[in-house]
>>> print(open('target.cif').read())   # mmCIF, C-alpha atoms
data_input
loop_
_atom_site.group_PDB
_atom_site.id
_atom_site.type_symbol
_atom_site.label_atom_id
_atom_site.label_comp_id
_atom_site.auth_asym_id
_atom_site.auth_seq_id
_atom_site.Cartn_x
_atom_site.Cartn_y
_atom_site.Cartn_z
ATOM 1 C CA MET A 1 -28.963 -5.965 31.810
ATOM 2 C CA THR A 2 -30.147 -6.354 35.303
ATOM 3 C CA ARG A 3 -28.872 -4.318 38.157
ATOM 4 C CA LYS A 4 -27.361 -7.403 39.801
ATOM 5 C CA LYS A 5 -25.100 -8.143 36.802
ATOM 6 C CA LEU A 6 -23.861 -4.540 36.665
ATOM 7 C CA THR A 7 -23.087 -4.557 40.369
ATOM 8 C CA TRP A 8 -21.221 -7.846 40.057
ATOM 9 C CA CYS A 9 -18.993 -6.536 37.255
ATOM 10 C CA ALA A 10 -18.262 -3.334 39.150
ATOM 11 C CA THR A 11 -17.253 -5.158 42.318
ATOM 12 C CA HIS A 12 -15.647 -8.355 41.024
ATOM 13 C CA PRO A 13 -11.830 -7.957 41.003
ATOM 14 C CA LEU A 14 -11.220 -9.950 37.813
ATOM 15 C CA CYS A 15 -13.771 -7.957 35.844
ATOM 16 C CA ARG A 16 -12.286 -4.693 37.103
ATOM 17 C CA LEU A 17 -8.791 -5.892 36.171
ATOM 18 C CA PHE A 18 -9.814 -6.685 32.592
ATOM 19 C CA THR A 19 -11.560 -3.331 32.321
ATOM 20 C CA HIS A 20 -8.481 -1.449 33.522
ATOM 21 C CA VAL A 21 -6.173 -3.426 31.228
ATOM 22 C CA ALA A 22 -8.433 -2.738 28.221
ATOM 23 C CA ILE A 23 -8.535 0.984 29.012
ATOM 24 C CA PHE A 24 -4.749 1.042 29.483
ATOM 25 C CA PHE A 25 -4.071 -0.640 26.125
ATOM 26 C CA GLY A 26 -6.561 1.658 24.426
ATOM 27 C CA TYR A 27 -4.735 4.640 25.906
ATOM 28 C CA LEU A 28 -1.372 3.275 24.716
ATOM 29 C CA CYS A 29 -2.613 2.569 21.196
ATOM 30 C CA GLY A 30 -4.196 6.001 20.948
ATOM 31 C CA GLY A 31 -0.993 7.686 22.087
ATOM 32 C CA ALA A 32 1.074 5.651 19.636
ATOM 33 C CA ALA A 33 -1.240 6.579 16.765
ATOM 34 C CA ILE A 34 -1.028 10.281 17.619
ATOM 35 C CA PHE A 35 2.768 10.106 17.952
ATOM 36 C CA MET A 36 3.114 8.354 14.581
ATOM 37 C CA HIS A 37 0.852 10.916 12.927
ATOM 38 C CA LEU A 38 2.858 13.834 14.321
ATOM 39 C CA GLU A 39 6.352 12.433 13.759
ATOM 40 C CA SER A 40 6.085 10.592 10.428
ATOM 41 C CA PRO A 41 6.719 13.616 8.121
ATOM 42 C CA ARG A 42 9.915 14.495 9.999
ATOM 43 C CA GLU A 43 11.062 10.870 9.987
ATOM 44 C CA GLU A 44 10.497 10.555 6.235
ATOM 45 C CA ALA A 45 12.492 13.727 5.633
ATOM 46 C CA LEU A 46 15.394 12.427 7.739
ATOM 47 C CA VAL A 47 15.393 9.050 5.991
ATOM 48 C CA ASN A 48 15.410 10.694 2.563
ATOM 49 C CA SER A 49 18.242 13.005 3.627
ATOM 50 C CA LEU A 50 20.259 10.063 4.922
ATOM 51 C CA LYS A 51 19.724 8.137 1.683
ATOM 52 C CA THR A 52 20.892 11.139 -0.341
ATOM 53 C CA HIS A 53 24.025 11.605 1.788
ATOM 54 C CA ARG A 54 24.790 7.879 1.624
ATOM 55 C CA PHE A 55 24.393 7.823 -2.168
ATOM 56 C CA ASN A 56 26.640 10.867 -2.566
ATOM 57 C CA PHE A 57 29.272 9.405 -0.234
ATOM 58 C CA LEU A 58 29.333 6.077 -2.064
ATOM 59 C CA ALA A 59 29.462 7.831 -5.446
ATOM 60 C CA ASN A 60 32.449 9.942 -4.353
ATOM 61 C CA ASN A 61 34.318 7.144 -2.554
ATOM 62 C CA SER A 62 34.556 4.124 -4.809
ATOM 63 C CA CYS A 63 36.788 2.235 -2.394
ATOM 64 C CA VAL A 64 33.869 1.859 0.053
ATOM 65 C CA SER A 65 31.108 -0.596 -0.700
#
>>> encode(input="target.cif", output="structure tokens")
Amino acid sequence: MTRKKLTWCATHPLCRLFTHVAIFFGYLCGGAAIFMHLESPREEALVNSLKTHRFNFLANNSCVS
């Protein structure tokens, strides 16, 4: 790339906007991936516990469907 094209992209507002938006969405996706990786074991444990309690409640209370 020539120096003129690099300067144009660094100073043109639309190019800078797209660059900032891309970096922002990359940051959001990275944070979401880290959050999902950290929280998924706890979430699975809570869902399994809720399913067990629901099954036991419905087994002990036949009048509730």
>>> axis_aligned_box(input="target.cif", around="region 39-44 of chain A", padding_each_side="6 Å", output="lines of an AutoDock Vina configuration file")
center_x = 8.6
center_y = 12.5
center_z = 10.0
size_x = 17.0
size_y = 15.9
size_z = 19.5
>>> atom_distance(input="target.cif", atom1="CA of Gly30 (chain A)", atom2="CA of Glu43 (chain A)")
19.4 Å
>>> atom_distance(input="target.cif", atom1="CA of Val47 (chain A)", atom2="CA of Leu28 (chain A)")
25.8 Å
>>> atom_distance(input="target.cif", atom1="CA of Thr19 (chain A)", atom2="CA of Phe35 (chain A)")
24.3 Å
